[in-house]
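> Structure supplied as structure_28.cif; contents: mmCIF, C-alpha atoms.
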```cif
data_entry
#
loop_
_atom_site.group_PDB
_atom_site.id
_atom_site.type_symbol
_atom_site.label_atom_id
_atom_site.label_comp_id
_atom_site.auth_asym_id
_atom_site.auth_seq_id
_atom_site.Cartn_x
_atom_site.Cartn_y
_atom_site.Cartn_z
ATOM 1 C CA MET A 1 38.313 6.129 31.198
ATOM 2 C CA GLU A 2 39.205 2.575 32.144
ATOM 3 C CA ILE A 3 37.302 -0.577 31.237
ATOM 4 C CA ARG A 4 37.493 -1.630 34.884
ATOM 5 C CA VAL A 5 35.646 1.534 35.951
ATOM 6 C CA LEU A 6 32.978 0.974 33.299
ATOM 7 C CA ARG A 7 32.352 -2.449 34.817
ATOM 8 C CA TYR A 8 32.100 -0.797 38.262
ATOM 9 C CA PHE A 9 29.559 1.688 36.917
ATOM 10 C CA LEU A 10 27.447 -1.066 35.331
ATOM 11 C CA ALA A 11 27.515 -3.091 38.539
ATOM 12 C CA ILE A 12 26.102 -0.162 40.530
ATOM 13 C CA ALA A 13 23.471 0.505 37.855
ATOM 14 C CA ARG A 14 22.457 -3.157 37.978
ATOM 15 C CA GLU A 15 22.549 -3.649 41.759
ATOM 16 C CA GLY A 16 21.051 -0.268 42.651
ATOM 17 C CA SER A 17 23.405 0.508 45.524
ATOM 18 C CA ILE A 18 27.066 0.940 46.391
ATOM 19 C CA THR A 19 26.795 -1.720 49.109
ATOM 20 C CA LYS A 20 25.434 -4.450 46.859
ATOM 21 C CA ALA A 21 27.789 -3.550 44.021
ATOM 22 C CA SER A 22 30.861 -3.573 46.279
ATOM 23 C CA ASN A 23 29.881 -7.010 47.591
ATOM 24 C CA PHE A 24 29.447 -8.269 44.047
ATOM 25 C CA LEU A 25 32.764 -6.776 42.899
ATOM 26 C CA HIS A 26 34.644 -7.716 46.080
ATOM 27 C CA ILE A 27 36.024 -4.212 46.595
ATOM 28 C CA THR A 28 35.472 -1.753 49.438
ATOM 29 C CA GLN A 29 32.646 0.772 49.344
ATOM 30 C CA PRO A 30 34.956 3.804 49.705
ATOM 31 C CA THR A 31 37.066 2.610 46.767
ATOM 32 C CA LEU A 32 34.004 2.079 44.609
ATOM 33 C CA SER A 33 32.500 5.453 45.577
ATOM 34 C CA ARG A 34 35.758 7.226 44.754
ATOM 35 C CA GLN A 35 36.043 5.545 41.351
ATOM 36 C CA ILE A 36 32.500 6.580 40.382
ATOM 37 C CA LYS A 37 33.011 10.134 41.623
ATOM 38 C CA GLU A 38 36.186 10.398 39.504
ATOM 39 C CA LEU A 39 34.281 9.030 36.501
ATOM 40 C CA GLU A 40 31.571 11.685 36.926
ATOM 41 C CA GLU A 41 34.230 14.385 37.200
ATOM 42 C CA GLU A 42 35.907 13.108 34.037
ATOM 43 C CA LEU A 43 32.610 13.205 32.135
ATOM 44 C CA GLY A 44 31.422 16.431 33.718
ATOM 45 C CA GLN A 45 28.027 14.849 34.428
ATOM 46 C CA THR A 46 26.189 13.355 37.391
ATOM 47 C CA LEU A 47 25.429 9.731 36.569
ATOM 48 C CA PHE A 48 23.512 8.706 39.705
ATOM 49 C CA CYS A 49 20.799 10.118 41.936
ATOM 50 C CA ARG A 50 22.093 9.251 45.416
ATOM 51 C CA LYS A 51 19.619 8.349 48.136
ATOM 52 C CA SER A 52 20.179 6.919 51.596
ATOM 53 C CA HIS A 53 19.973 3.287 50.576
ATOM 54 C CA ALA A 54 19.771 3.379 46.790
ATOM 55 C CA MET A 55 21.331 4.820 43.667
ATOM 56 C CA THR A 56 19.340 5.375 40.482
ATOM 57 C CA LEU A 57 20.553 6.546 37.101
ATOM 58 C CA THR A 58 20.093 10.116 35.952
ATOM 59 C CA THR A 59 19.130 10.833 32.340
ATOM 60 C CA GLU A 60 22.831 11.225 31.589
ATOM 61 C CA GLY A 61 23.506 8.011 33.470
ATOM 62 C CA MET A 62 21.029 6.074 31.352
ATOM 63 C CA LEU A 63 22.737 7.260 28.167
ATOM 64 C CA PHE A 64 26.148 6.403 29.599
ATOM 65 C CA ARG A 65 24.897 2.946 30.611
ATOM 66 C CA LYS A 66 23.990 2.206 27.006
ATOM 67 C CA ARG A 67 27.402 3.342 25.792
ATOM 68 C CA ALA A 68 29.229 1.469 28.559
ATOM 69 C CA GLU A 69 27.396 -1.757 27.715
ATOM 70 C CA GLU A 70 28.343 -1.389 24.055
ATOM 71 C CA ILE A 71 31.993 -0.783 24.956
ATOM 72 C CA ILE A 72 32.136 -3.762 27.326
ATOM 73 C CA ASP A 73 30.428 -5.995 24.750
ATOM 74 C CA MET A 74 33.003 -4.988 22.165
ATOM 75 C CA VAL A 75 35.929 -5.507 24.566
ATOM 76 C CA ASP A 76 34.669 -8.947 25.584
ATOM 77 C CA LYS A 77 34.040 -9.926 21.961
ATOM 78 C CA THR A 78 37.552 -8.814 20.972
ATOM 79 C CA HIS A 79 39.078 -10.736 23.865
ATOM 80 C CA GLU A 80 37.157 -13.868 22.872
ATOM 81 C CA GLU A 81 38.288 -13.568 19.257
ATOM 82 C CA PHE A 82 41.975 -13.278 20.128
ATOM 83 C CA SER A 83 41.756 -15.982 22.784
ATOM 84 C CA ALA A 84 40.358 -18.294 20.107
ATOM 85 C CA MET A 85 43.373 -17.835 17.812
ATOM 86 C CA GLY A 86 45.037 -21.058 18.910
ATOM 87 C CA ALA A 87 45.796 -24.363 17.278
ATOM 88 C CA ASN A 88 42.209 -25.573 17.602
ATOM 89 C CA LEU A 89 39.498 -23.564 15.848
ATOM 90 C CA SER A 90 37.252 -22.034 18.496
ATOM 91 C CA GLY A 91 35.460 -18.814 19.270
ATOM 92 C CA ASP A 92 32.089 -17.103 19.135
ATOM 93 C CA ILE A 93 29.901 -16.277 16.140
ATOM 94 C CA TYR A 94 27.204 -13.601 16.525
ATOM 95 C CA ILE A 95 24.207 -13.609 14.173
ATOM 96 C CA GLY A 96 21.202 -11.282 14.256
ATOM 97 C CA GLY A 97 17.960 -11.408 12.310
ATOM 98 C CA GLY A 98 14.195 -11.414 12.247
ATOM 99 C CA GLU A 99 11.963 -14.421 12.651
ATOM 100 C CA THR A 100 12.196 -16.699 9.627
ATOM 101 C CA GLU A 101 12.226 -20.429 8.955
ATOM 102 C CA ALA A 102 15.423 -19.845 6.963
ATOM 103 C CA VAL A 103 17.290 -19.969 10.280
ATOM 104 C CA LYS A 104 17.067 -23.751 9.862
ATOM 105 C CA LEU A 105 19.461 -23.463 6.912
ATOM 106 C CA PHE A 106 21.971 -21.770 9.176
ATOM 107 C CA GLY A 107 21.382 -24.457 11.755
ATOM 108 C CA GLU A 108 22.318 -27.176 9.281
ATOM 109 C CA VAL A 109 25.619 -25.459 8.461
ATOM 110 C CA ALA A 110 26.256 -24.649 12.122
ATOM 111 C CA LYS A 111 25.761 -28.291 13.089
ATOM 112 C CA GLU A 112 28.305 -29.386 10.479
ATOM 113 C CA LEU A 113 30.816 -26.794 11.685
ATOM 114 C CA LEU A 114 30.284 -27.756 15.335
ATOM 115 C CA THR A 115 30.860 -31.415 14.510
ATOM 116 C CA GLU A 116 34.291 -30.490 13.148
ATOM 117 C CA HIS A 117 35.059 -27.779 15.732
ATOM 118 C CA PRO A 118 33.100 -28.326 18.974
ATOM 119 C CA ASP A 119 34.734 -25.339 20.714
ATOM 120 C CA ILE A 120 32.854 -22.845 18.509
ATOM 121 C CA HIS A 121 29.790 -21.181 20.018
ATOM 122 C CA PHE A 122 26.898 -19.435 18.244
ATOM 123 C CA HIS A 123 24.950 -16.492 19.657
ATOM 124 C CA LEU A 124 21.619 -15.500 18.086
ATOM 125 C CA TYR A 125 20.027 -12.066 18.420
ATOM 126 C CA SER A 126 16.417 -11.450 17.349
ATOM 127 C CA GLY A 127 15.394 -8.054 16.036
ATOM 128 C CA ASN A 128 14.115 -6.130 13.034
ATOM 129 C CA SER A 129 16.359 -4.782 10.277
ATOM 130 C CA THR A 130 17.068 -1.524 12.120
ATOM 131 C CA ASP A 131 18.118 -3.365 15.279
ATOM 132 C CA VAL A 132 20.289 -5.801 13.353
ATOM 133 C CA THR A 133 22.097 -3.270 11.147
ATOM 134 C CA GLU A 134 22.738 -0.979 14.139
ATOM 135 C CA LYS A 135 24.437 -3.792 16.051
ATOM 136 C CA LEU A 136 26.251 -4.930 12.920
ATOM 137 C CA ASP A 137 27.606 -1.433 12.299
ATOM 138 C CA ARG A 138 28.866 -1.237 15.872
ATOM 139 C CA GLY A 139 30.684 -4.533 15.580
ATOM 140 C CA LEU A 140 28.438 -6.391 18.027
ATOM 141 C CA LEU A 141 27.301 -8.859 15.354
ATOM 142 C CA ASP A 142 29.292 -10.743 12.733
ATOM 143 C CA PHE A 143 26.333 -11.376 10.423
ATOM 144 C CA GLY A 144 22.792 -10.148 9.920
ATOM 145 C CA ILE A 145 19.804 -11.840 8.282
ATOM 146 C CA LEU A 146 17.569 -9.345 6.494
ATOM 147 C CA ILE A 147 14.221 -9.948 4.846
ATOM 148 C CA GLU A 148 13.712 -8.086 1.577
ATOM 149 C CA PRO A 149 13.126 -5.316 0.827
ATOM 150 C CA ALA A 150 16.047 -3.867 2.766
ATOM 151 C CA ASP A 151 18.870 -1.473 1.952
ATOM 152 C CA ILE A 152 22.020 -3.613 1.782
ATOM 153 C CA SER A 153 24.061 -1.246 -0.406
ATOM 154 C CA LYS A 154 26.728 -0.655 2.230
ATOM 155 C CA TYR A 155 27.188 -4.338 3.075
ATOM 156 C CA ASP A 156 28.598 -7.449 1.505
ATOM 157 C CA TYR A 157 25.966 -10.128 1.271
ATOM 158 C CA LEU A 158 25.090 -13.673 0.354
ATOM 159 C CA SER A 159 21.647 -14.542 -0.976
ATOM 160 C CA ILE A 160 19.940 -17.140 1.181
ATOM 161 C CA PRO A 161 18.366 -19.986 -0.862
ATOM 162 C CA ALA A 162 14.917 -19.546 0.642
ATOM 163 C CA LYS A 163 11.799 -17.402 0.302
ATOM 164 C CA ASP A 164 9.403 -16.250 2.978
ATOM 165 C CA ILE A 165 5.733 -16.561 2.019
ATOM 166 C CA TRP A 166 3.375 -13.896 3.346
ATOM 167 C CA GLY A 167 -0.121 -14.664 4.512
ATOM 168 C CA VAL A 168 -2.614 -14.294 7.342
ATOM 169 C CA ILE A 169 -2.797 -16.083 10.677
ATOM 170 C CA MET A 170 -6.357 -16.398 11.909
ATOM 171 C CA ARG A 171 -8.494 -18.460 14.239
ATOM 172 C CA LYS A 172 -9.757 -21.701 12.739
ATOM 173 C CA ASP A 173 -13.308 -20.652 13.543
ATOM 174 C CA SER A 174 -12.922 -17.511 11.414
ATOM 175 C CA PRO A 175 -15.157 -17.255 8.304
ATOM 176 C CA LEU A 176 -11.989 -16.763 6.223
ATOM 177 C CA ALA A 177 -10.494 -20.057 7.434
ATOM 178 C CA ALA A 178 -12.447 -21.929 4.764
ATOM 179 C CA LYS A 179 -10.661 -20.041 1.969
ATOM 180 C CA SER A 180 -7.537 -21.423 0.283
ATOM 181 C CA HIS A 181 -5.988 -17.966 0.026
ATOM 182 C CA ILE A 182 -6.662 -14.396 1.136
ATOM 183 C CA SER A 183 -7.086 -11.409 -1.190
ATOM 184 C CA LYS A 184 -6.710 -7.739 -0.334
ATOM 185 C CA GLU A 185 -10.479 -7.337 -0.573
ATOM 186 C CA ASP A 186 -10.830 -9.890 2.255
ATOM 187 C CA LEU A 187 -8.662 -7.755 4.533
ATOM 188 C CA LEU A 188 -9.893 -4.209 3.961
ATOM 189 C CA ASN A 189 -12.574 -4.240 6.652
ATOM 190 C CA LEU A 190 -10.837 -6.470 9.182
ATOM 191 C CA PRO A 191 -8.842 -5.565 12.328
ATOM 192 C CA LEU A 192 -5.243 -6.318 11.326
ATOM 193 C CA ILE A 193 -2.121 -7.122 13.309
ATOM 194 C CA CYS A 194 1.030 -6.250 11.344
ATOM 195 C CA SER A 195 4.780 -6.186 11.919
ATOM 196 C CA ARG A 196 6.245 -2.728 12.458
ATOM 197 C CA GLN A 197 8.971 -3.334 9.900
ATOM 198 C CA ALA A 198 6.527 -4.437 7.209
ATOM 199 C CA MET A 199 4.327 -1.400 7.875
ATOM 200 C CA SER A 200 7.247 1.043 7.858
ATOM 201 C CA GLU A 201 6.389 4.433 6.403
ATOM 202 C CA GLU A 202 9.544 4.213 4.310
ATOM 203 C CA GLN A 203 8.274 2.919 1.003
ATOM 204 C CA SER A 204 11.485 1.003 0.311
ATOM 205 C CA ASN A 205 10.951 -1.049 3.487
ATOM 206 C CA ASN A 206 7.201 -1.543 3.177
ATOM 207 C CA VAL A 207 6.294 -4.903 1.661
ATOM 208 C CA PHE A 208 2.598 -4.084 1.504
ATOM 209 C CA THR A 209 2.380 -0.807 -0.420
ATOM 210 C CA GLY A 210 2.788 -2.482 -3.787
ATOM 211 C CA TRP A 211 0.614 -5.465 -2.925
ATOM 212 C CA PHE A 212 -2.319 -3.418 -1.575
ATOM 213 C CA GLY A 213 -1.882 -0.564 -4.035
ATOM 214 C CA ASP A 214 -4.119 2.448 -3.452
ATOM 215 C CA ASP A 215 -6.044 0.543 -0.756
ATOM 216 C CA TYR A 216 -3.018 0.454 1.545
ATOM 217 C CA LYS A 217 -4.085 3.547 3.481
ATOM 218 C CA LYS A 218 -7.529 2.034 4.090
ATOM 219 C CA LEU A 219 -6.179 -0.771 6.254
ATOM 220 C CA ASN A 220 -7.441 -1.003 9.827
ATOM 221 C CA VAL A 221 -4.222 -1.844 11.692
ATOM 222 C CA VAL A 222 -5.203 -2.259 15.343
ATOM 223 C CA THR A 223 -1.930 -3.744 16.606
ATOM 224 C CA THR A 224 1.714 -3.812 15.518
ATOM 225 C CA PHE A 225 4.377 -6.286 16.628
ATOM 226 C CA ASN A 226 7.976 -7.364 16.202
ATOM 227 C CA LEU A 227 7.611 -10.946 17.494
ATOM 228 C CA VAL A 228 5.184 -13.278 15.747
ATOM 229 C CA TYR A 229 4.743 -15.385 18.877
ATOM 230 C CA ASN A 230 3.136 -12.429 20.641
ATOM 231 C CA ALA A 231 1.077 -11.553 17.572
ATOM 232 C CA ALA A 232 -0.270 -15.113 17.433
ATOM 233 C CA LEU A 233 -1.435 -14.817 21.029
ATOM 234 C CA MET A 234 -3.322 -11.643 20.107
ATOM 235 C CA VAL A 235 -4.965 -13.470 17.211
ATOM 236 C CA GLU A 236 -5.936 -16.349 19.478
ATOM 237 C CA THR A 237 -7.705 -13.972 21.862
ATOM 238 C CA GLY A 238 -9.693 -12.500 18.972
ATOM 239 C CA VAL A 239 -7.973 -9.099 18.636
ATOM 240 C CA GLY A 240 -7.532 -9.430 14.891
ATOM 241 C CA TYR A 241 -5.843 -11.107 11.930
ATOM 242 C CA ALA A 242 -2.033 -11.177 11.775
ATOM 243 C CA ILE A 243 -0.310 -10.559 8.460
ATOM 244 C CA THR A 244 3.033 -12.312 8.675
ATOM 245 C CA ILE A 245 5.222 -14.961 7.071
ATOM 246 C CA ASP A 246 4.524 -18.670 7.140
ATOM 247 C CA ARG A 247 5.958 -21.327 9.463
ATOM 248 C CA ILE A 248 7.044 -19.189 12.384
ATOM 249 C CA ALA A 249 3.867 -19.509 14.462
ATOM 250 C CA ASN A 250 2.152 -22.704 15.579
ATOM 251 C CA THR A 251 -0.629 -23.417 13.074
ATOM 252 C CA SER A 252 -0.539 -27.204 13.432
ATOM 253 C CA GLU A 253 -3.600 -29.450 13.708
ATOM 254 C CA THR A 254 -3.608 -29.038 17.482
ATOM 255 C CA SER A 255 -3.431 -25.246 17.293
ATOM 256 C CA ALA A 256 -6.468 -22.956 17.380
ATOM 257 C CA LEU A 257 -4.897 -21.002 14.513
ATOM 258 C CA CYS A 258 -4.349 -21.515 10.805
ATOM 259 C CA PHE A 259 -2.311 -19.794 8.091
ATOM 260 C CA LYS A 260 -3.660 -18.751 4.685
ATOM 261 C CA PRO A 261 -1.336 -17.354 1.995
ATOM 262 C CA LEU A 262 -1.990 -14.052 0.268
ATOM 263 C CA TYR A 263 -3.158 -13.966 -3.339
ATOM 264 C CA PRO A 264 -1.668 -12.747 -5.583
ATOM 265 C CA PRO A 265 1.286 -14.424 -3.833
ATOM 266 C CA LEU A 266 3.665 -12.184 -1.909
ATOM 267 C CA GLU A 267 7.138 -13.545 -1.256
ATOM 268 C CA SER A 268 10.295 -12.025 0.229
ATOM 269 C CA GLY A 269 13.873 -13.019 -0.432
ATOM 270 C CA LEU A 270 16.485 -13.071 2.298
ATOM 271 C CA ASN A 271 20.112 -12.012 2.506
ATOM 272 C CA LEU A 272 22.947 -12.690 4.882
ATOM 273 C CA ILE A 273 24.889 -9.439 5.293
ATOM 274 C CA TRP A 274 28.158 -8.360 6.889
ATOM 275 C CA LYS A 275 30.209 -5.167 6.979
ATOM 276 C CA LYS A 276 32.348 -4.460 3.935
ATOM 277 C CA TYR A 277 36.053 -5.045 4.566
ATOM 278 C CA GLN A 278 35.073 -6.947 7.703
ATOM 279 C CA PHE A 279 37.904 -8.677 9.545
ATOM 280 C CA PHE A 280 36.368 -11.907 10.786
ATOM 281 C CA SER A 281 37.495 -14.101 13.629
ATOM 282 C CA PRO A 282 38.752 -17.527 12.433
ATOM 283 C CA ALA A 283 35.473 -19.107 13.587
ATOM 284 C CA ALA A 284 33.290 -16.591 11.720
ATOM 285 C CA GLU A 285 35.502 -16.923 8.629
ATOM 286 C CA ALA A 286 35.107 -20.711 8.684
ATOM 287 C CA PHE A 287 31.334 -20.364 9.027
ATOM 288 C CA LEU A 288 31.121 -17.987 6.070
ATOM 289 C CA GLU A 289 33.258 -20.303 3.947
ATOM 290 C CA LYS A 290 30.884 -23.171 4.667
ATOM 291 C CA LEU A 291 27.882 -21.025 3.754
ATOM 292 C CA HIS A 292 29.537 -20.071 0.454
ATOM 293 C CA SER A 293 30.290 -23.700 -0.340
ATOM 294 C CA LYS A 294 26.698 -24.748 0.380
ATOM 295 C CA TRP A 295 24.820 -21.897 -1.270
ATOM 296 C CA GLN A 296 26.912 -20.959 -4.296
#
```
Would you write the structure of this file as structure tokens?

Amino acid sequence: MEIRVLRYFLAIAREGSITKASNFLHITQPTLSRQIKELEEELGQTLFCRKSHAMTLTTEGMLFRKRAEEIIDMVDKTHEEFSAMGANLSGDIYIGGGETEAVKLFGEVAKELLTEHPDIHFHLYSGNSTDVTEKLDRGLLDFGILIEPADISKYDYLSIPAKDIWGVIMRKDSPLAAKSHISKEDLLNLPLICSRQAMSEEQSNNVFTGWFGDDYKKLNVVTTFNLVYNAALMVETGVGYAITIDRIANTSETSALCFKPLYPPLESGLNLIWKKYQFFSPAAEAFLEKLHSKWQ
């Protein structure tokens, strides 16, 4: 199985036809058709449903597309890392994490590193802890930012000098907007909008089970989310009250929304994680060294 053929396969999957893919790849249609047929024979599976003017992925093809994309991403990342091993420090640094204001701390260090080495490039990926650790384990990310609680036992980590404060985003015309803080009693009979990670059934990953106690199962969760921006839009339309962390949605004076912290206070620490025994590119190594010097 050649990398070149994987790129051919992905081009057809993206373009939806042999004709368009061959034009994009600048190869003949018969050559492209033969390469894909040989790939299917090698795998022992049919990857495309062939119609007169279109090609769509089979169930097996959709699985293979995911694997092919991961392989190509890894090949490209490896090529970039080795190409960057020259006299001047350069290369790409891949960081994944959830929404948190702590990203500003990374931005400050990144700016300093870019001032010294302008040929370095950063790539940010947004996702929950499951998304981030999956990509980290597959080598598609150099670092992950995880909000506690999270299982980091199989990773090396650096504690981030910041805390996320949990609270409720609501409309400013809400009766609760006049309160300085929000208690669990305030929330029990309200329609709630909560992050999927925070509401995970796994107790170790659920930040609310301890805070709500026995009342946790009484919550009326009408919507779940993984992006606070979208949750804030739901709040603005009157769907419910979003339980989330502070300073990642617009609750300024001009906004229709406001943020009220929970009481008793609920805070979450954050960790920067990476694979144990990780071999970093020179750029990623330099970034980690700067983080250590700033935060330890």
> Go through A:His79, A:Arg171, A:Lys111, A:Arg34 and flag the residue nearest Gly240 in chain A, using only C-alpha atoms for the distances.
A:Arg171
> For CA of Ile248 in chain A and CA of Thr115 in chain A, determine how far apart the two atoms are, in Å to one decimal place.
26.9 Å
> Within 12 Å of range 231-234 of chain A, counting only C-alpha atoms, which residues qualify if same-chain residues fewer than 2 places away don't, as a CSV table (one decimal) with C-alpha atoms, in the frame of the given file?

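Resulting contents of selection-v1.csv:
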```
chain,number,residue,atom,x,y,z
A,168,VAL,CA,-2.6,-14.3,7.3
A,169,ILE,CA,-2.8,-16.1,10.7
A,170,MET,CA,-6.4,-16.4,11.9
A,171,ARG,CA,-8.5,-18.5,14.2
A,191,PRO,CA,-8.8,-5.6,12.3
A,192,LEU,CA,-5.2,-6.3,11.3
A,193,ILE,CA,-2.1,-7.1,13.3
A,194,CYS,CA,1.0,-6.2,11.3
A,195,SER,CA,4.8,-6.2,11.9
A,196,ARG,CA,6.2,-2.7,12.5
A,222,VAL,CA,-5.2,-2.3,15.3
A,223,THR,CA,-1.9,-3.7,16.6
A,224,THR,CA,1.7,-3.8,15.5
A,225,PHE,CA,4.4,-6.3,16.6
A,226,ASN,CA,8.0,-7.4,16.2
A,227,LEU,CA,7.6,-10.9,17.5
A,228,VAL,CA,5.2,-13.3,15.7
A,229,TYR,CA,4.7,-15.4,18.9
A,236,GLU,CA,-5.9,-16.3,19.5
A,237,THR,CA,-7.7,-14.0,21.9
A,238,GLY,CA,-9.7,-12.5,19.0
A,239,VAL,CA,-8.0,-9.1,18.6
A,240,GLY,CA,-7.5,-9.4,14.9
A,241,TYR,CA,-5.8,-11.1,11.9
A,242,ALA,CA,-2.0,-11.2,11.8
A,243,ILE,CA,-0.3,-10.6,8.5
A,244,THR,CA,3.0,-12.3,8.7
A,245,ILE,CA,5.2,-15.0,7.1
A,246,ASP,CA,4.5,-18.7,7.1
A,247,ARG,CA,6.0,-21.3,9.5
A,248,ILE,CA,7.0,-19.2,12.4
A,249,ALA,CA,3.9,-19.5,14.5
A,250,ASN,CA,2.2,-22.7,15.6
A,251,THR,CA,-0.6,-23.4,13.1
A,255,SER,CA,-3.4,-25.2,17.3
A,256,ALA,CA,-6.5,-23.0,17.4
A,257,LEU,CA,-4.9,-21.0,14.5
A,258,CYS,CA,-4.3,-21.5,10.8
A,259,PHE,CA,-2.3,-19.8,8.1
```
> Could you tell me how far CA of Leu124 in chain A lies from CA of Ile95 in chain A, in Å and to one decimal?
5.1 Å
> Mind checking which residues fall within 12 Å of range 205-217 of chain A, counting only C-alpha atoms, ignoring those fewer than 3 positions away in the same chain, and posting them as an MDAnalysis selection string?
chainID A and resid 128:130 146:152 164:167 183:189 194:202 220:221 243:245 262:269
